[in-house]
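Here is run_36.pdb, consisting of PDB, C-alpha atoms:
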MODEL        1
ATOM      1  CA  MET A1494       0.000   0.000   0.000
ATOM      2  CA  ILE A1495       1.129   3.484  -0.813
ATOM      3  CA  GLU A1496      -0.293   6.778   0.486
ATOM      4  CA  VAL A1497      -1.083   9.175  -2.339
ATOM      5  CA  LEU A1498      -1.656  12.839  -1.503
ATOM      6  CA  TYR A1499      -3.101  15.583  -3.689
ATOM      7  CA  PHE A1500      -2.792  19.328  -3.205
ATOM      8  CA  ALA A1501      -4.311  22.520  -4.602
ATOM      9  CA  TRP A1502      -6.170  22.067  -7.925
ATOM     10  CA  VAL A1503      -5.057  18.453  -8.194
ATOM     11  CA  ARG A1504      -6.917  17.784  -4.924
ATOM     12  CA  GLU A1505      -9.950  19.707  -6.185
ATOM     13  CA  ARG A1506     -10.083  17.881  -9.532
ATOM     14  CA  ILE A1507      -9.798  14.461  -7.949
ATOM     15  CA  GLY A1508     -12.033  15.399  -5.037
ATOM     16  CA  LEU A1509      -9.821  13.833  -2.379
ATOM     17  CA  PRO A1510      -6.902  15.050  -0.256
ATOM     18  CA  ARG A1511      -5.366  11.568   0.055
ATOM     19  CA  GLU A1512      -5.975   7.880  -0.433
ATOM     20  CA  SER A1513      -4.259   4.538   0.080
ATOM     21  CA  ILE A1514      -3.572   2.705  -3.158
ATOM     22  CA  GLU A1515      -2.592  -0.873  -3.831
ATOM     23  CA  THR A1516      -0.335  -0.684  -6.847
ATOM     24  CA  GLY A1517       2.324  -2.601  -8.657
ATOM     25  CA  ALA A1518       3.568   0.521 -10.438
ATOM     26  CA  ALA A1519       7.359   0.561 -10.727
ATOM     27  CA  THR A1520       7.752   4.299 -11.262
ATOM     28  CA  VAL A1521       5.831   7.515 -10.690
ATOM     29  CA  ALA A1522       5.009   7.623 -14.415
ATOM     30  CA  ASP A1523       3.537   4.102 -14.178
ATOM     31  CA  LEU A1524       1.415   5.146 -11.201
ATOM     32  CA  VAL A1525       0.197   8.212 -13.118
ATOM     33  CA  ALA A1526      -0.775   6.012 -16.091
ATOM     34  CA  GLU A1527      -2.647   3.695 -13.719
ATOM     35  CA  LEU A1528      -4.501   6.583 -12.041
ATOM     36  CA  ARG A1529      -5.380   8.176 -15.400
ATOM     37  CA  GLY A1530      -7.091   4.964 -16.409
ATOM     38  CA  ARG A1531      -9.336   4.924 -13.346
ATOM     39  CA  GLU A1532     -11.929   7.654 -13.900
ATOM     40  CA  ALA A1533     -12.431  10.907 -15.793
ATOM     41  CA  ARG A1534     -11.559  13.040 -12.743
ATOM     42  CA  TYR A1535      -8.137  11.372 -12.507
ATOM     43  CA  ALA A1536      -7.615  11.689 -16.251
ATOM     44  CA  ALA A1537      -8.415  15.411 -15.927
ATOM     45  CA  ALA A1538      -6.036  15.923 -13.012
ATOM     46  CA  PHE A1539      -3.177  14.066 -14.730
ATOM     47  CA  ALA A1540      -3.842  15.258 -18.288
ATOM     48  CA  ASP A1541      -0.590  17.225 -18.445
ATOM     49  CA  THR A1542       2.175  16.040 -16.146
ATOM     50  CA  ALA A1543       4.365  18.953 -17.281
ATOM     51  CA  ALA A1544       1.996  21.076 -15.166
ATOM     52  CA  LEU A1545       2.546  18.837 -12.126
ATOM     53  CA  ARG A1546       5.239  18.210  -9.566
ATOM     54  CA  VAL A1547       5.739  15.061  -7.508
ATOM     55  CA  ALA A1548       7.263  14.402  -4.109
ATOM     56  CA  LEU A1549       8.300  10.967  -2.819
ATOM     57  CA  ASP A1550       8.349  10.687   0.967
ATOM     58  CA  GLN A1551       8.255  14.499   1.083
ATOM     59  CA  GLU A1552      11.221  15.097  -1.241
ATOM     60  CA  LEU A1553      10.787  16.510  -4.765
ATOM     61  CA  ALA A1554      11.367  13.822  -7.378
ATOM     62  CA  ASP A1555      11.068  13.129 -11.102
ATOM     63  CA  PHE A1556       8.254  11.253 -12.795
ATOM     64  CA  SER A1557      10.801   8.643 -13.858
ATOM     65  CA  ALA A1558      11.729   7.906 -10.214
ATOM     66  CA  PRO A1559      11.184   4.346  -8.920
ATOM     67  CA  LEU A1560       8.527   3.716  -6.259
ATOM     68  CA  ALA A1561      10.290   0.834  -4.528
ATOM     69  CA  GLY A1562      10.320   1.467  -0.771
ATOM     70  CA  VAL A1563       8.318   4.702  -1.072
ATOM     71  CA  ARG A1564       5.499   5.140   1.450
ATOM     72  CA  GLU A1565       4.093   8.518   0.441
ATOM     73  CA  VAL A1566       3.626  10.049  -3.010
ATOM     74  CA  ALA A1567       2.299  13.589  -3.410
ATOM     75  CA  PHE A1568       1.094  15.277  -6.593
ATOM     76  CA  PHE A1569       0.671  19.038  -6.847
ATOM     77  CA  PRO A1570       1.038  22.024  -9.167
ATOM     78  CA  PRO A1571       4.212  24.146  -9.174
ATOM     79  CA  MET A1572       4.584  25.769  -5.781
ATOM     80  CA  THR A1573       3.664  29.389  -5.141
ATOM     81  CA  GLY A1574       5.049  30.285  -1.742
ATOM     82  CA  GLY A1575       6.744  33.441  -0.511
TER
ATOM     83  CA  MET B 536      30.154  30.492  10.939
ATOM     84  CA  ALA B 537      28.065  28.310   8.723
ATOM     85  CA  ALA B 538      28.269  25.227  10.899
ATOM     86  CA  THR B 539      26.836  27.069  13.891
ATOM     87  CA  ALA B 540      24.112  29.153  12.219
ATOM     88  CA  ALA B 541      20.990  29.079  14.393
ATOM     89  CA  VAL B 542      18.135  28.203  12.042
ATOM     90  CA  ARG B 543      14.538  28.647  13.131
ATOM     91  CA  VAL B 544      11.558  27.808  10.939
ATOM     92  CA  ARG B 545       7.896  28.340  11.795
ATOM     93  CA  VAL B 546       4.913  27.397   9.636
ATOM     94  CA  GLN B 547       1.712  28.637  11.205
ATOM     95  CA  ALA B 548      -1.860  29.775  10.606
ATOM     96  CA  ALA B 549      -1.631  32.447  13.313
ATOM     97  CA  PRO B 550      -0.535  36.008  12.524
ATOM     98  CA  PHE B 551       2.935  37.105  13.635
ATOM     99  CA  ASP B 552       4.279  40.444  14.802
ATOM    100  CA  TYR B 553       7.048  41.458  12.394
ATOM    101  CA  GLY B 554       8.422  44.131  14.739
ATOM    102  CA  ALA B 555       8.538  41.786  17.707
ATOM    103  CA  GLU B 556      10.108  39.005  15.602
ATOM    104  CA  CYS B 557      12.829  41.362  14.329
ATOM    105  CA  GLY B 558      13.373  42.706  17.841
ATOM    106  CA  GLY B 559      13.825  39.177  19.150
ATOM    107  CA  PHE B 560      16.063  38.180  16.250
ATOM    108  CA  VAL B 561      18.631  40.956  16.692
ATOM    109  CA  PRO B 562      19.818  40.016  20.207
ATOM    110  CA  ALA B 563      19.725  36.362  19.193
ATOM    111  CA  SER B 564      22.238  37.127  16.469
ATOM    112  CA  GLY B 565      24.949  37.767  19.078
ATOM    113  CA  ALA B 566      28.027  39.421  17.643
ATOM    114  CA  SER B 567      26.707  39.668  14.082
ATOM    115  CA  GLY B 568      27.566  42.847  12.252
ATOM    116  CA  ALA B 569      24.556  42.771   9.951
ATOM    117  CA  VAL B 570      20.893  41.800  10.099
ATOM    118  CA  VAL B 571      18.621  41.835   7.043
ATOM    119  CA  SER B 572      14.899  41.157   7.204
ATOM    120  CA  PHE B 573      12.134  40.884   4.613
ATOM    121  CA  LEU B 574       8.377  40.971   5.171
ATOM    122  CA  GLY B 575       5.955  39.691   2.538
ATOM    123  CA  ILE B 576       2.451  41.173   2.624
ATOM    124  CA  VAL B 577      -0.700  40.029   0.818
ATOM    125  CA  ARG B 578      -1.161  42.419  -2.120
ATOM    126  CA  GLY B 579      -4.681  43.492  -2.935
ATOM    127  CA  ALA B 580      -5.776  45.842  -5.650
ATOM    128  CA  ALA B 581      -8.915  47.541  -4.309
ATOM    129  CA  GLY B 582     -11.919  45.228  -4.584
ATOM    130  CA  ARG B 583     -10.128  42.581  -6.632
ATOM    131  CA  LEU B 584      -9.022  40.297  -3.827
ATOM    132  CA  ALA B 585     -11.276  39.470  -0.900
ATOM    133  CA  ARG B 586      -8.882  36.977   0.636
ATOM    134  CA  MET B 587      -6.105  34.561  -0.107
ATOM    135  CA  GLU B 588      -6.054  30.950   1.021
ATOM    136  CA  ILE B 589      -2.713  29.269   1.379
ATOM    137  CA  GLU B 590      -2.558  25.499   1.324
ATOM    138  CA  HIS B 591       0.592  23.641   2.315
ATOM    139  CA  TYR B 592       1.938  20.136   2.770
ATOM    140  CA  PRO B 593       2.373  19.611   6.517
ATOM    141  CA  GLY B 594       5.603  17.785   7.189
ATOM    142  CA  MET B 595       7.196  18.444   3.828
ATOM    143  CA  THR B 596       6.848  22.216   4.253
ATOM    144  CA  GLU B 597       8.955  22.318   7.404
ATOM    145  CA  LYS B 598      11.531  19.930   5.935
ATOM    146  CA  ALA B 599      11.795  21.847   2.663
ATOM    147  CA  ILE B 600      12.250  25.200   4.386
ATOM    148  CA  ALA B 601      14.812  23.754   6.802
ATOM    149  CA  ALA B 602      16.725  22.325   3.822
ATOM    150  CA  ILE B 603      16.655  25.707   2.023
ATOM    151  CA  ALA B 604      17.835  27.497   5.185
ATOM    152  CA  GLY B 605      20.527  24.860   5.685
ATOM    153  CA  GLU B 606      21.725  25.393   2.118
ATOM    154  CA  ALA B 607      21.902  29.170   2.755
ATOM    155  CA  ALA B 608      23.972  28.507   5.875
ATOM    156  CA  ARG B 609      26.353  26.358   3.820
ATOM    157  CA  ARG B 610      26.790  28.971   1.105
ATOM    158  CA  TRP B 611      27.208  32.047   3.285
ATOM    159  CA  SER B 612      28.767  32.730   6.628
ATOM    160  CA  LEU B 613      25.613  33.230   8.678
ATOM    161  CA  ASP B 614      25.007  33.457  12.400
ATOM    162  CA  ALA B 615      21.245  33.037  12.335
ATOM    163  CA  VAL B 616      18.299  32.487  10.019
ATOM    164  CA  LEU B 617      14.597  32.905  10.777
ATOM    165  CA  VAL B 618      11.792  31.944   8.409
ATOM    166  CA  ILE B 619       8.101  32.327   9.263
ATOM    167  CA  HIS B 620       5.442  31.407   6.683
ATOM    168  CA  ARG B 621       1.703  31.449   7.257
ATOM    169  CA  HIS B 622      -0.994  29.234   5.802
ATOM    170  CA  GLY B 623      -4.792  29.398   5.853
ATOM    171  CA  ALA B 624      -6.939  32.451   5.062
ATOM    172  CA  LEU B 625      -5.323  35.887   4.796
ATOM    173  CA  VAL B 626      -6.707  39.263   3.744
ATOM    174  CA  PRO B 627      -4.889  41.994   1.771
ATOM    175  CA  GLY B 628      -2.452  43.907   3.921
ATOM    176  CA  GLU B 629      -1.733  40.978   6.223
ATOM    177  CA  PRO B 630       1.829  39.738   6.709
ATOM    178  CA  ILE B 631       2.205  36.403   4.921
ATOM    179  CA  MET B 632       5.836  35.515   5.545
ATOM    180  CA  MET B 633       9.172  36.854   6.701
ATOM    181  CA  VAL B 634      12.826  35.964   6.562
ATOM    182  CA  ALA B 635      15.667  37.375   8.623
ATOM    183  CA  THR B 636      19.364  36.683   8.331
ATOM    184  CA  ALA B 637      22.251  37.657  10.590
ATOM    185  CA  ALA B 638      25.850  37.583   9.419
ATOM    186  CA  PRO B 639      29.201  39.155  10.222
ATOM    187  CA  HIS B 640      28.985  41.241   7.022
ATOM    188  CA  ARG B 641      26.026  42.736   5.163
ATOM    189  CA  ALA B 642      26.703  41.194   1.749
ATOM    190  CA  ALA B 643      26.146  37.690   3.132
ATOM    191  CA  ALA B 644      23.026  38.772   5.035
ATOM    192  CA  PHE B 645      21.477  40.408   1.933
ATOM    193  CA  GLU B 646      22.412  37.616  -0.465
ATOM    194  CA  ALA B 647      21.233  34.852   1.864
ATOM    195  CA  ALA B 648      17.900  36.637   2.405
ATOM    196  CA  GLU B 649      17.378  36.894  -1.377
ATOM    197  CA  PHE B 650      18.371  33.266  -1.848
ATOM    198  CA  LEU B 651      15.852  32.223   0.824
ATOM    199  CA  MET B 652      13.091  34.265  -0.827
ATOM    200  CA  ASP B 653      13.814  32.867  -4.293
ATOM    201  CA  TYR B 654      13.752  29.282  -3.058
ATOM    202  CA  LEU B 655      10.732  29.704  -0.786
ATOM    203  CA  LYS B 656       8.754  30.955  -3.795
ATOM    204  CA  SER B 657       9.142  27.838  -5.864
ATOM    205  CA  ARG B 658      10.611  25.054  -3.704
ATOM    206  CA  ALA B 659       8.526  25.175  -0.519
ATOM    207  CA  PRO B 660       5.169  23.381  -0.873
ATOM    208  CA  PHE B 661       2.709  26.263  -0.587
ATOM    209  CA  TRP B 662      -0.120  27.022  -3.002
ATOM    210  CA  LYS B 663      -1.996  30.307  -3.093
ATOM    211  CA  LYS B 664      -5.630  30.624  -4.033
ATOM    212  CA  GLU B 665      -7.110  34.065  -4.616
ATOM    213  CA  ILE B 666     -10.757  34.615  -3.773
ATOM    214  CA  GLY B 667     -12.340  37.710  -5.297
ATOM    215  CA  PRO B 668     -15.731  38.979  -6.435
ATOM    216  CA  ASP B 669     -15.494  36.895  -9.639
ATOM    217  CA  GLY B 670     -14.666  33.627  -7.923
ATOM    218  CA  ALA B 671     -11.622  31.680  -6.804
ATOM    219  CA  GLU B 672      -8.454  30.993  -8.733
ATOM    220  CA  TRP B 673      -5.208  29.181  -7.976
ATOM    221  CA  VAL B 674      -2.208  31.433  -8.475
ATOM    222  CA  ALA B 675      -0.034  30.154 -11.328
ATOM    223  CA  ALA B 676       3.691  29.861 -10.754
ATOM    224  CA  ALA B 677       5.542  32.659 -12.527
ATOM    225  CA  GLU B 678       8.278  31.715 -14.983
ATOM    226  CA  ARG B 679      10.414  34.509 -13.611
ATOM    227  CA  ASP B 680      10.301  32.840 -10.176
ATOM    228  CA  GLU B 681      11.688  29.614 -11.605
ATOM    229  CA  ALA B 682      14.228  31.590 -13.646
ATOM    230  CA  ALA B 683      15.320  33.441 -10.485
ATOM    231  CA  LEU B 684      16.775  30.186  -9.120
ATOM    232  CA  GLY B 685      19.243  30.127 -11.991
ATOM    233  CA  ARG B 686      21.272  32.976 -10.547
ATOM    234  CA  TRP B 687      22.270  30.907  -7.507
TER
ENDMDL
END
Output the file's structure as C-alpha cells, nothing else.
Amino acid sequence: MIEVLYFAWVRERIGLPRESIETGAATVADLVAELRGREARYAAAFADTAALRVALDQELADFSAPLAGVREVAFFPPMTGG
Amino acid sequence: MAATAAVRVRVQAAPFDYGAECGGFVPASGASGAVVSFLGIVRGAAGRLARMEIEHYPGMTEKAIAAIAGEAARRWSLDAVLVIHRHGALVPGEPIMMVATAAPHRAAAFEAAEFLMDYLKSRAPFWKKEIGPDGAEWVAAAERDEAALGRW
C-alpha cells in the first residue's frame, strides 16, 4: 500500500486530499498512467504532467523515479510560496 | 560560521508580529555585524481580492524550508536564520511571511535573504488561491520565479 496525496487544484479535480492505493507501479510515471485509467476526474487531473510536480516521501522527485520502498507520493502544481 | 548558524523555521496559521520578531532576532544574532529582514504582505488591488487561502503540505513544508535554510547557511557565513510562513486564510495587507538573516557582514546577510526568498517561492510546498468577487483561482507559478533560481 502506498499513500497518495493531492494538493491545490489536483486535490480539487480528484475530489480527495489523500488515499491509500494498492499498486504494482514501478515508477511515478507508471502510477500516473494507472490513475489516469481509473476515472475521468483522474484523467483530468493528470492530463498534463508537465503542469505537475511530484514528491516521494516528502522530497521533490522526477516522474521517472522508482517507487520501490516509497510510502508517500504527493502530486501538486508548481509551488507558489513566498 | 556556517556550521553554527541558528536556524529557526515556523509554519503557522496564526498572525505574527514582524516588529517583535525582528526585535527578538537581533539580540539572538549575538556578535553579528549585519541583520537583514524581509516581510511579505498580501497584495490586494482595491476590490479585486477578498482573501487569499494558502494550502501547504504539513511535514514536507517544514523539511523543505529547513533544507533551504541549511543550504543558505552552507553557502554564506551566517550566524542566524529565521523563516516564518503562514498558511490558511489571509486578507490583503496581512503579513504572509518573513525571513531574517544575521551575518558578520552585510553582503552575506542580503544575499542569503534573497536566496531564501527565491527558493521559498518555488521550492517550498505552498499554493496560493485568490478569492475575489469573480470567484476563486489558484495562483499560477511565474516563470520569472523559476528563472530566479538560476542565478544561484
Within 6 Å of chain A, which residues of chain B show up when using only C-alpha atoms, listed as a ChimeraX atom specification? /B:595,655-657,660-662,676
Just say which residues the PyMOL selection byres ((chain A and resi 1518) around 12) picks in this file, as a ChimeraX atom specification. /A:1494-1495,1514-1517,1519-1528,1556-1563
Write out as number ranges by chain the residues lying within 8 Å of B:Leu617, counting only C-alpha atoms and excluding same-chain residues fewer than 6 positions away. B: 542-544, 560, 633-636
Restricting it to C-alpha atoms, dump the selection as a tab-separated table (two decimals), in the frame of the given file.
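Result file result.tsv:
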chain	number	residue	atom	x	y	z
B	542	VAL	CA	18.14	28.20	12.04
B	543	ARG	CA	14.54	28.65	13.13
B	544	VAL	CA	11.56	27.81	10.94
B	560	PHE	CA	16.06	38.18	16.25
B	633	MET	CA	9.17	36.85	6.70
B	634	VAL	CA	12.83	35.96	6.56
B	635	ALA	CA	15.67	37.38	8.62
B	636	THR	CA	19.36	36.68	8.33
Write out as a tab-separated table a residue-level contact list of stretch 606-644 of chain B versus stretch 664-668 of chain B with cut-off 12 Å: for each qualifying residue the closest pair of atoms and the distance in Å to one decimal, counting all atoms listed in the file, rows sorted by chain and residue number upward.
residue	atom	partner	partner_atom	distance
B:His622	CA	B:Lys664	CA	11.0
B:Gly623	CA	B:Lys664	CA	10.0
B:Ala624	CA	B:Lys664	CA	9.4
B:Leu625	CA	B:Glu665	CA	9.8
B:Val626	CA	B:Ile666	CA	9.7
B:Pro627	CA	B:Glu665	CA	10.4
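Once the PyMOL selection byres ((chain A and resi 1534) around 12) is applied to the shown structure, the selection contains Trp1502, Val1503, Arg1504, Glu1505, Arg1506, Ile1507, Gly1508, Leu1509, Leu1528, Arg1529, Gly1530, Arg1531, Glu1532, Ala1533, Tyr1535, Ala1536, Ala1537, Ala1538, Phe1539 and Ala1540 of chain A.
Atom to atom, atom CA of B:Glu672 and atom CA of B:His620 stand 20.8 Å apart.
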In Å, with one decimal, what is the gap from atom CA of B:Ala580 to atom CA of B:Gly554? 24.9 Å
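Proximity to B:Ala569 was assessed for B:Glu606, B:Asp614, B:Glu629, B:Asp653 counting only C-alpha atoms; the smallest distance is recorded for B:Asp614.
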Might you spell out which residues the PyMOL selection byres ((chain B and resi 686) around 12) would select in the displayed file, as a ChimeraX atom specification? /B:646,649-650,653-654,679-685,687
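Atom CA of B:Pro562 sits 15.6 Å away from atom CA of B:Ala644.
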